[in-house]
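Visitor: Enclosed is the structure file final02.tsv (TSV, C-alpha atoms and all ligand atoms).
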chain	number	residue	atom	x	y	z
A	10	MET	CA	36.98	14.75	23.08
A	11	THR	CA	33.62	16.42	22.68
A	12	VAL	CA	33.49	19.86	21.11
A	13	LYS	CA	30.37	21.87	20.38
A	14	THR	CA	30.51	24.25	17.43
A	15	MET	CA	27.02	24.09	15.92
A	16	ASN	CA	25.84	27.24	17.63
A	17	THR	CA	28.79	29.38	16.60
A	18	ALA	CA	28.40	32.22	14.14
A	19	ASP	CA	31.01	30.57	11.91
A	20	VAL	CA	28.95	27.42	11.43
A	21	LYS	CA	25.66	29.28	10.97
A	22	ASP	CA	27.28	31.49	8.36
A	23	LEU	CA	28.86	28.51	6.63
A	24	LEU	CA	25.49	26.68	6.39
A	25	GLU	CA	23.77	29.72	4.94
A	26	LYS	CA	26.45	30.12	2.28
A	27	VAL	CA	26.38	26.37	1.54
A	28	ALA	CA	22.63	26.62	0.85
A	29	GLY	CA	23.04	29.69	-1.37
A	30	PHE	CA	21.05	31.97	0.95
A	31	ASN	CA	23.26	34.87	-0.04
A	32	GLN	CA	22.65	34.30	-3.76
A	33	ASP	CA	19.73	35.54	-5.84
A	34	GLY	CA	19.53	32.64	-8.27
A	35	GLY	CA	18.56	29.02	-7.74
A	36	ASN	CA	15.45	27.41	-6.32
A	37	GLU	CA	14.10	28.56	-2.97
A	38	ARG	CA	12.68	25.17	-1.98
A	39	VAL	CA	15.95	23.41	-2.79
A	40	LYS	CA	17.86	26.01	-0.78
A	41	GLN	CA	15.63	25.48	2.26
A	42	ILE	CA	15.85	21.71	2.09
A	43	VAL	CA	19.62	21.62	1.49
A	44	HIS	CA	20.07	23.99	4.40
A	45	ARG	CA	18.11	21.63	6.64
A	46	VAL	CA	19.84	18.50	5.36
A	47	MET	CA	23.32	19.95	5.81
A	48	HIS	CA	22.44	21.38	9.21
A	49	ASP	CA	21.23	17.98	10.35
A	50	ILE	CA	24.32	16.22	8.98
A	51	PHE	CA	26.59	18.70	10.74
A	52	GLN	CA	24.54	18.15	13.91
A	53	ILE	CA	24.99	14.38	13.61
A	54	VAL	CA	28.76	14.86	13.27
A	55	GLU	CA	28.72	16.93	16.44
A	56	ASP	CA	26.31	14.78	18.47
A	57	PHE	CA	28.00	11.49	17.60
A	58	ASP	CA	31.51	12.92	17.50
A	59	VAL	CA	31.93	11.48	14.02
A	60	THR	CA	35.62	11.07	13.18
A	61	PRO	CA	37.09	12.08	9.82
A	62	GLU	CA	37.68	8.38	9.10
A	63	GLU	CA	33.99	7.60	9.67
A	64	PHE	CA	32.93	10.62	7.68
A	65	TRP	CA	34.95	9.64	4.60
A	66	GLN	CA	33.69	6.05	4.83
A	67	ALA	CA	30.17	7.47	4.58
A	68	VAL	CA	31.09	9.63	1.58
A	69	TYR	CA	32.60	6.67	-0.24
A	70	TYR	CA	29.57	4.55	0.71
A	71	VAL	CA	27.32	7.00	-1.12
A	72	GLY	CA	29.67	6.95	-4.10
A	73	ASP	CA	29.61	3.14	-4.23
A	74	LEU	CA	25.83	3.12	-3.87
A	75	GLY	CA	25.55	5.26	-6.98
A	76	ALA	CA	28.20	3.32	-8.89
A	77	ASN	CA	26.44	-0.01	-8.37
A	78	GLY	CA	22.98	1.47	-8.97
A	79	GLU	CA	21.56	0.51	-5.60
A	80	ALA	CA	20.18	3.81	-4.31
A	81	ALA	CA	16.59	2.82	-5.14
A	82	LEU	CA	17.20	-0.60	-3.55
A	83	LEU	CA	18.45	0.86	-0.31
A	84	ALA	CA	15.52	3.29	0.01
A	85	PRO	CA	12.90	0.58	0.73
A	86	GLY	CA	15.29	-1.12	3.16
A	87	LEU	CA	15.48	2.10	5.12
A	88	GLY	CA	11.69	2.37	5.24
A	89	MET	CA	11.52	5.34	2.89
A	90	ASP	CA	9.02	3.80	0.47
A	91	LYS	CA	6.86	2.63	3.39
A	92	TYR	CA	6.98	6.10	4.90
A	93	LEU	CA	5.78	7.66	1.63
A	94	ASP	CA	2.92	5.11	1.64
A	95	ILE	CA	2.00	6.10	5.20
A	96	ARG	CA	1.83	9.72	4.07
A	97	MET	CA	-0.26	8.91	0.97
A	98	ASP	CA	-2.65	6.83	3.10
A	99	ALA	CA	-3.06	9.79	5.46
A	100	GLU	CA	-3.62	12.14	2.51
A	101	ASP	CA	-6.28	9.80	1.11
A	102	GLU	CA	-7.93	9.68	4.51
A	103	GLN	CA	-8.00	13.47	4.67
A	104	ALA	CA	-9.41	13.78	1.12
A	105	GLY	CA	-12.12	11.18	1.76
A	106	LEU	CA	-10.46	8.80	-0.69
A	107	ALA	CA	-9.54	6.01	1.73
A	108	GLY	CA	-10.82	2.48	1.19
A	109	GLY	CA	-10.38	-0.07	-1.54
A	110	THR	CA	-7.45	-2.45	-1.74
A	111	PRO	CA	-4.51	-0.98	0.18
A	112	ARG	CA	-1.45	0.33	-1.56
A	113	THR	CA	2.04	-0.86	-0.88
A	114	ILE	CA	5.46	-0.01	-2.26
A	115	GLU	CA	6.37	-0.30	-5.94
A	116	GLY	CA	9.95	-1.43	-5.42
A	117	PRO	CA	12.76	-0.63	-7.84
A	118	LEU	CA	12.33	-3.44	-10.38
A	119	TYR	CA	9.41	-2.47	-12.62
A	120	VAL	CA	9.93	-2.43	-16.37
A	121	ALA	CA	7.46	-0.47	-18.50
A	122	GLY	CA	5.85	-1.69	-21.68
A	123	ALA	CA	5.14	-5.37	-20.92
A	124	PRO	CA	2.96	-7.19	-23.49
A	125	ILE	CA	-0.74	-6.42	-23.05
A	126	SER	CA	-3.68	-8.73	-23.66
A	127	ASP	CA	-7.38	-9.10	-22.84
A	128	GLY	CA	-8.52	-11.18	-19.89
A	129	PHE	CA	-5.68	-13.68	-19.84
A	130	ALA	CA	-1.92	-13.83	-20.24
A	131	ARG	CA	0.78	-16.41	-19.88
A	132	MET	CA	3.60	-14.67	-18.05
A	133	ASP	CA	6.42	-17.23	-18.00
A	134	ASP	CA	8.40	-18.25	-21.06
A	135	GLY	CA	8.21	-21.96	-20.20
A	136	SER	CA	11.97	-22.28	-19.68
A	137	ASP	CA	11.80	-23.35	-16.03
A	138	ASP	CA	10.65	-26.98	-16.10
A	139	ALA	CA	11.03	-27.42	-12.37
A	140	ALA	CA	8.87	-24.43	-11.45
A	141	GLU	CA	5.41	-24.88	-9.96
A	142	THR	CA	2.69	-23.56	-12.29
A	143	MET	CA	0.72	-20.70	-10.79
A	144	ILE	CA	-2.73	-19.54	-11.80
A	145	LEU	CA	-3.13	-15.99	-10.57
A	146	THR	CA	-6.64	-14.68	-10.93
A	147	GLY	CA	-9.11	-12.21	-9.51
A	148	GLN	CA	-11.81	-9.68	-10.05
A	149	VAL	CA	-11.48	-5.92	-10.11
A	150	THR	CA	-14.54	-4.19	-8.65
A	151	ASP	CA	-15.52	-0.87	-7.18
A	152	GLU	CA	-16.33	-0.60	-3.51
A	153	ASN	CA	-19.93	-1.69	-4.14
A	154	GLY	CA	-18.75	-4.89	-5.76
A	155	GLN	CA	-19.59	-3.73	-9.29
A	156	PRO	CA	-17.12	-5.19	-11.82
A	157	VAL	CA	-14.62	-2.80	-13.37
A	158	ALA	CA	-14.09	-3.88	-16.96
A	159	ASN	CA	-11.12	-2.72	-19.05
A	160	ALA	CA	-8.91	-1.98	-16.06
A	161	VAL	CA	-5.24	-2.58	-16.87
A	162	VAL	CA	-3.68	-5.00	-14.39
A	163	ASP	CA	0.10	-4.70	-14.78
A	164	ILE	CA	1.81	-7.61	-13.03
A	165	TRP	CA	5.48	-8.38	-12.41
A	166	HIS	CA	7.28	-10.87	-10.21
A	167	ALA	CA	10.54	-12.73	-9.70
A	168	ASP	CA	11.46	-16.22	-10.88
A	169	THR	CA	12.22	-19.25	-8.70
A	170	ARG	CA	15.63	-17.80	-7.85
A	171	GLY	CA	14.12	-14.49	-6.79
A	172	ALA	CA	15.46	-12.74	-9.91
A	173	TYR	CA	13.59	-10.28	-12.15
A	174	SER	CA	13.83	-10.25	-15.95
A	175	TYR	CA	15.63	-7.25	-17.48
A	176	PHE	CA	17.71	-6.81	-14.31
A	177	ASP	CA	18.68	-10.48	-14.67
A	178	ALA	CA	19.95	-10.60	-18.25
A	179	SER	CA	19.72	-14.41	-18.35
A	180	GLN	CA	15.91	-14.24	-18.58
A	181	SER	CA	13.97	-13.62	-21.77
A	182	GLU	CA	12.52	-10.21	-22.53
A	183	TYR	CA	9.53	-9.37	-20.30
A	184	ASN	CA	9.59	-12.81	-18.69
A	185	LEU	CA	7.14	-12.74	-15.74
A	186	ARG	CA	5.88	-9.30	-16.72
A	187	ARG	CA	2.48	-8.81	-18.37
A	188	ARG	CA	-0.41	-6.36	-18.60
A	189	ILE	CA	-3.92	-7.79	-18.67
A	190	ARG	CA	-7.11	-5.88	-19.39
A	191	THR	CA	-10.01	-7.05	-17.25
A	192	ASP	CA	-12.93	-8.64	-19.08
A	193	GLU	CA	-16.58	-7.56	-18.87
A	194	HIS	CA	-16.83	-9.18	-15.42
A	195	GLY	CA	-13.76	-7.31	-14.22
A	196	ARG	CA	-11.76	-10.53	-14.24
A	197	TYR	CA	-8.11	-11.14	-15.04
A	198	THR	CA	-6.23	-14.43	-15.15
A	199	ALA	CA	-2.52	-15.10	-15.51
A	200	ARG	CA	-0.71	-18.36	-15.94
A	201	SER	CA	2.77	-18.09	-14.51
A	202	ILE	CA	5.18	-19.80	-12.11
A	203	VAL	CA	5.23	-19.47	-8.34
A	204	PRO	CA	7.90	-16.89	-7.50
A	205	SER	CA	10.51	-17.24	-4.77
A	206	GLY	CA	11.46	-14.60	-2.28
A	207	TYR	CA	13.99	-11.94	-3.19
A	208	GLY	CA	17.30	-11.18	-1.53
A	209	CYS	CA	19.44	-8.07	-1.91
A	210	PRO	CA	22.66	-8.62	-3.86
A	211	PRO	CA	24.87	-10.14	-1.12
A	212	GLU	CA	27.97	-8.13	-2.04
A	213	GLY	CA	26.07	-4.89	-2.72
A	214	SER	CA	25.94	-1.61	-0.84
A	215	THR	CA	22.44	-2.22	0.53
A	216	GLN	CA	23.38	-5.52	2.15
A	217	LYS	CA	26.57	-3.97	3.49
A	218	LEU	CA	24.60	-1.42	5.50
A	219	LEU	CA	21.95	-3.95	6.53
A	220	ASN	CA	24.74	-6.14	7.92
A	221	LEU	CA	25.89	-3.24	10.10
A	222	LEU	CA	22.31	-2.93	11.38
A	223	GLY	CA	22.10	-6.65	12.15
A	224	ARG	CA	19.33	-6.95	9.55
A	225	HIS	CA	18.72	-9.36	6.69
A	226	GLY	CA	17.92	-8.19	3.15
A	227	ASN	CA	15.16	-10.65	2.27
A	228	ARG	CA	11.66	-10.25	0.97
A	229	PRO	CA	8.95	-12.95	1.01
A	230	ALA	CA	7.67	-14.39	-2.27
A	231	HIS	CA	5.58	-11.54	-3.66
A	232	ILE	CA	3.80	-10.32	-6.78
A	233	HIS	CA	3.65	-6.67	-7.84
A	234	PHE	CA	0.63	-4.91	-9.33
A	235	PHE	CA	-0.29	-1.61	-10.88
A	236	ILE	CA	-4.05	-1.38	-11.47
A	237	SER	CA	-5.45	1.54	-13.43
A	238	ARG	CA	-8.65	2.58	-15.12
A	239	PRO	CA	-9.78	6.11	-15.99
A	240	GLY	CA	-12.20	7.34	-13.32
A	241	TYR	CA	-10.46	5.40	-10.52
A	242	LYS	CA	-7.50	6.02	-8.26
A	243	HIS	CA	-4.38	4.35	-9.64
A	244	LEU	CA	-3.35	1.52	-7.31
A	245	THR	CA	0.24	0.42	-6.75
A	246	THR	CA	0.31	-2.69	-4.62
A	247	GLN	CA	1.70	-6.18	-4.18
A	248	ILE	CA	0.70	-9.42	-2.56
A	249	ASN	CA	2.90	-11.42	-0.23
A	250	LEU	CA	2.34	-15.14	-0.33
A	251	ALA	CA	1.30	-16.63	3.00
A	252	GLY	CA	3.60	-19.13	4.69
A	253	ASP	CA	6.90	-17.69	3.50
A	254	GLU	CA	9.58	-17.38	6.18
A	255	TYR	CA	9.67	-13.64	5.47
A	256	THR	CA	5.94	-12.93	4.99
A	257	TYR	CA	5.92	-10.91	8.19
A	258	ASP	CA	9.60	-10.05	8.19
A	259	ASP	CA	10.08	-8.19	4.92
A	260	PHE	CA	13.22	-6.04	4.79
A	261	ALA	CA	11.34	-3.58	2.54
A	262	PHE	CA	8.32	-3.24	4.91
A	263	ALA	CA	5.78	-3.90	2.14
A	264	THR	CA	3.64	-6.51	3.94
A	265	ARG	CA	0.11	-5.51	4.88
A	266	GLU	CA	-2.32	-7.97	6.43
A	267	GLU	CA	-4.94	-7.48	3.69
A	268	LEU	CA	-2.26	-8.26	1.10
A	269	VAL	CA	-1.13	-11.60	2.53
A	270	ILE	CA	-2.63	-14.14	0.17
A	271	ASP	CA	-2.74	-17.93	0.33
A	272	ALA	CA	-1.09	-19.90	-2.43
A	273	THR	CA	-3.28	-22.99	-2.63
A	274	ARG	CA	-2.26	-26.32	-4.19
A	275	VAL	CA	-4.98	-27.62	-6.50
A	276	ASP	CA	-4.85	-31.36	-7.18
A	277	ASP	CA	-8.23	-31.74	-8.89
A	278	PRO	CA	-7.48	-32.80	-12.51
A	279	ALA	CA	-10.75	-31.25	-13.72
A	280	ARG	CA	-9.70	-27.84	-12.41
A	281	ALA	CA	-6.27	-28.21	-14.01
A	282	GLU	CA	-7.90	-29.20	-17.27
A	283	ALA	CA	-10.04	-26.06	-17.17
A	284	PHE	CA	-6.83	-24.02	-17.39
A	285	GLY	CA	-5.35	-26.31	-20.04
A	286	LEU	CA	-2.97	-27.89	-17.52
A	287	ASN	CA	-2.26	-31.59	-17.12
A	288	ALA	CA	-0.75	-31.47	-13.64
A	289	PRO	CA	-1.57	-30.02	-10.22
A	290	PHE	CA	-0.94	-26.30	-9.89
A	291	THR	CA	-0.96	-23.52	-7.32
A	292	GLU	CA	-3.80	-21.05	-7.31
A	293	VAL	CA	-3.52	-17.49	-6.06
A	294	VAL	CA	-6.69	-15.40	-5.96
A	295	PHE	CA	-6.37	-11.66	-5.58
A	296	ASP	CA	-9.52	-9.56	-5.87
A	297	ILE	CA	-8.99	-5.84	-6.13
A	298	GLN	CA	-11.23	-2.94	-5.15
A	299	LEU	CA	-10.70	0.43	-6.80
A	300	VAL	CA	-11.80	3.80	-5.45
A	301	PRO	CA	-13.42	6.26	-7.86
A	302	THR	CA	-11.95	9.72	-8.34
A	303	ASP	CA	-12.39	12.45	-10.93
A	304	LYS	CA	-8.92	13.90	-10.23
A	305	PRO	CA	-6.73	13.03	-13.24
A	306	GLU	CA	-3.51	13.32	-11.21
A	307	LEU	CA	-4.66	10.48	-8.94
A	308	GLN	CA	-5.49	8.20	-11.87
A	309	THR	CA	-1.91	7.57	-12.94
A	310	ARG	CA	1.18	6.28	-11.19
A	311	HIS	CA	3.65	8.69	-9.70
A	312	GLU	CA	6.52	9.70	-11.90
A	313	ARG	CA	9.86	8.12	-11.14
A	314	LYS	CA	12.65	6.63	-13.21
A	315	ARG	CA	11.52	3.26	-14.50
A	316	ALA	CA	13.24	0.93	-16.93
A	317	LEU	CA	12.01	1.51	-20.51
A	318	GLU	CA	9.35	3.98	-19.33
A	319	SER	CA	10.11	6.60	-21.97
A	320	ASP	CA	9.83	4.28	-24.97
A	321	ALA	CA	6.90	2.29	-23.57
A	322	ALA	CA	3.52	2.34	-25.25
B	1	LIG	C1	13.55	-4.36	-3.44
B	1	LIG	C2	13.34	-5.44	-4.27
B	1	LIG	C3	12.06	-5.85	-4.59
B	1	LIG	O1	11.76	-6.92	-5.38
B	1	LIG	C4	11.00	-5.16	-4.08
B	1	LIG	O2	9.78	-5.60	-4.42
B	1	LIG	C5	11.20	-4.09	-3.24
B	1	LIG	C6	12.48	-3.69	-2.92
B	1	LIG	C7	14.92	-3.89	-3.12
B	1	LIG	O3	15.87	-4.49	-3.59
B	1	LIG	O4	15.07	-2.86	-2.42
B	2	FE	FE	9.78	-7.16	-5.85
As structure tokens, please, write out the structure in this file.
Ligand code: DHB
Ligand code: FE
Guide:
Amino acid sequence: MTVKTMNTADVKDLLEKVAGFNQDGGNERVKQIVHRVMHDIFQIVEDFDVTPEEFWQAVYYVGDLGANGEAALLAPGLGMDKYLDIRMDAEDEQAGLAGGTPRTIEGPLYVAGAPISDGFARMDDGSDDAAETMILTGQVTDENGQPVANAVVDIWHADTRGAYSYFDASQSEYNLRRRIRTDEHGRYTARSIVPSGYGCPPEGSTQKLLNLLGRHGNRPAHIHFFISRPGYKHLTTQINLAGDEYTYDDFAFATREELVIDATRVDDPARAEAFGLNAPFTEVVFDIQLVPTDKPELQTRHERKRALESDAA
């Protein structure tokens, strides 16, 4: 049975009342957007002949998503974060602020207030004996190659099981999360462990929907960065390690060609020694170019809910 009711006066009237059009109070922008959202949902029900059973499944899906805290995990899987990046890239282009190292999505697993140090940090707590040591290093410059000293490079990544400290309570506080100020040459160096790829919680709401789409919920091994320095555009980005099965098949759509970085095994004992290591290690070099701006609102990260953000230094 296919019935069409969207164009009836009853439905139009209902949508206007739903969105508070007949009320003086409230917020005009919210009214307009809710009107559009509800109109489009009603239209979907009509166009796809959604049954009451299907409709209530969707309602309970949203409820479960909230209950297990996965709304911000689902968003990247549905391309929302990538879409916002596409828009910000286009805005930068329009404002003449394109260039520099490309942005890519933040993801939902940042924790504010990681320990901060100058030039170098050890990021892992040493508890994973089997992990491969990683030296992650690079230089922050402007677009002319001039070093940017005193930039804060805020780095976070998963462990060898693809799990992030804080969200994985079995890890120590701020494990694999550090902030490093670049030295006078714009350089930063971290000693850490090579991360593994990430997978959505297999029993969670995100994976449940991905299964219905015939999609996996995996990300390649990756390392997140915020880079900031007054006078420059804040940069939110991440690198995806080359050679991972999911490097070019990331469920969160964060991969960009310029951000695919080799993880190189270094066997030379002299090079290991230079980092105070007595065994071969993996080196990851990520140089970063910042774009100058005098607009203060572009110099900081966007506001969103982040773990420990309010009490962070
Ligand atoms: C998700 C997880 C990540 O580690 C990430 O970087 C991006 C997205 C997620 O679960 O949606
Ligand atoms: Fe991540």
Visitor: Applying 6 Å and all atoms listed in the file, which residues near Gln298 in chain A remain after dropping the ones on its own chain fewer than 3 positions away? List them as a ChimeraX atom specification.
Guide: /A:109-110,149-152
Visitor: Measure the distance from CA of Ser205 in chain A to atom C1 of ligand LIG 1 (chain B) in Å and round it to one decimal.
Guide: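 Rounded to one decimal, the two atoms are 13.3 Å apart.
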Visitor: I want to know what sits within 8 Å of Gly147 in chain A, based on all atoms listed in the file, with residues of the same chain fewer than 6 positions away left out; could you give that as a PDB file with C-alpha atoms, in the frame of the given file?
Guide:
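Result file is out.pdb:
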ATOM      1  CA  ARG A 196     -11.760 -10.530 -14.240  1.00  0.00           C
ATOM      2  CA  TYR A 197      -8.110 -11.140 -15.040  1.00  0.00           C
ATOM      3  CA  THR A 198      -6.230 -14.430 -15.150  1.00  0.00           C
ATOM      4  CA  VAL A 294      -6.690 -15.400  -5.960  1.00  0.00           C
ATOM      5  CA  PHE A 295      -6.370 -11.660  -5.580  1.00  0.00           C
ATOM      6  CA  ASP A 296      -9.520  -9.560  -5.870  1.00  0.00           C
ATOM      7  CA  ILE A 297      -8.990  -5.840  -6.130  1.00  0.00           C
TER       8      ILE A 297
END
Visitor: Give as a PyMOL selection string the residues surrounding ligand LIG 1 (chain B) up to a distance of 8 Å, considering all atoms listed in the file.
Guide: chain A and resi 79+81-86+114-118+166-167+173+207-210+215+226+228+231-233+261+263
Visitor: Can you spit out the residues from that selection as a compact mmCIF listing (two decimals), in the frame of the given file, using C-alpha atoms?
Guide:
# COMPACT_ATOMS: atom_id res chain seq x y z
CA GLU A 79 21.56 0.51 -5.60
CA ALA A 81 16.59 2.82 -5.14
CA LEU A 82 17.20 -0.60 -3.55
CA LEU A 83 18.45 0.86 -0.31
CA ALA A 84 15.52 3.29 0.01
CA PRO A 85 12.90 0.58 0.73
CA GLY A 86 15.29 -1.12 3.16
CA ILE A 114 5.46 -0.01 -2.26
CA GLU A 115 6.37 -0.30 -5.94
CA GLY A 116 9.95 -1.43 -5.42
CA PRO A 117 12.76 -0.63 -7.84
CA LEU A 118 12.33 -3.44 -10.38
CA HIS A 166 7.28 -10.87 -10.21
CA ALA A 167 10.54 -12.73 -9.70
CA TYR A 173 13.59 -10.28 -12.15
CA TYR A 207 13.99 -11.94 -3.19
CA GLY A 208 17.30 -11.18 -1.53
CA CYS A 209 19.44 -8.07 -1.91
CA PRO A 210 22.66 -8.62 -3.86
CA THR A 215 22.44 -2.22 0.53
CA GLY A 226 17.92 -8.19 3.15
CA ARG A 228 11.66 -10.25 0.97
CA HIS A 231 5.58 -11.54 -3.66
CA ILE A 232 3.80 -10.32 -6.78
CA HIS A 233 3.65 -6.67 -7.84
CA ALA A 261 11.34 -3.58 2.54
CA ALA A 263 5.78 -3.90 2.14
Visitor: What gap, in Å, lies between CA of Ser136 in chain A and CA of Asn184 in chain A?
Guide: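 Result for CA of Ser136 in chain A versus CA of Asn184 in chain A: 9.8 Å, one decimal.
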Visitor: So, with only C-alpha atoms and all ligand atoms as the atoms that count, which of A:Leu93, A:Ala230, A:Leu185, A:Ile202 lies closest to ligand FE 2 (chain B)?
Guide: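 Using only C-alpha atoms and all ligand atoms, the shortest distance to ligand FE 2 (chain B) belongs to A:Ala230.
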Visitor: Can you work out which one of A:Leu250, A:Ala272, A:Ala172, A:Ala199 has the shortest atom-to-atom distance to ligand FE 2 (chain B), counting only C-alpha atoms and all ligand atoms?
Guide: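 Counting only C-alpha atoms and all ligand atoms, the residue closest to ligand FE 2 (chain B) is A:Ala172.
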Visitor: Give me the residues within 9 Å of range 14-17 of chain A as a list in words, counting only C-alpha atoms and dropping any in the same chain fewer than 2 places off.
Guide: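 The residues satisfying every condition are Val12, Asp19, Val20, Lys21, Asp22, His48, Phe51, Gln52 and Glu55 of chain A.
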Visitor: Quick one: pull the distance between CA of Glu312 in chain A and CA of Gln41 in chain A, Å, one decimal.
Guide: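 These two atoms are separated by 23.1 Å.
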Visitor: Identify which of the residues A:Phe129, A:Phe176, A:Tyr119, A:Glu193 lies closest to ligand FE 2 (chain B), counting all atoms listed in the file when measuring atom-to-atom distances.
Guide: A:Tyr119
Visitor: Given the choices A:Arg238, A:Leu145, A:Asp127, A:Glu212, which gets closest to Ile189 in chain A if the distance is worked out from only C-alpha atoms?
Guide: A:Asp127
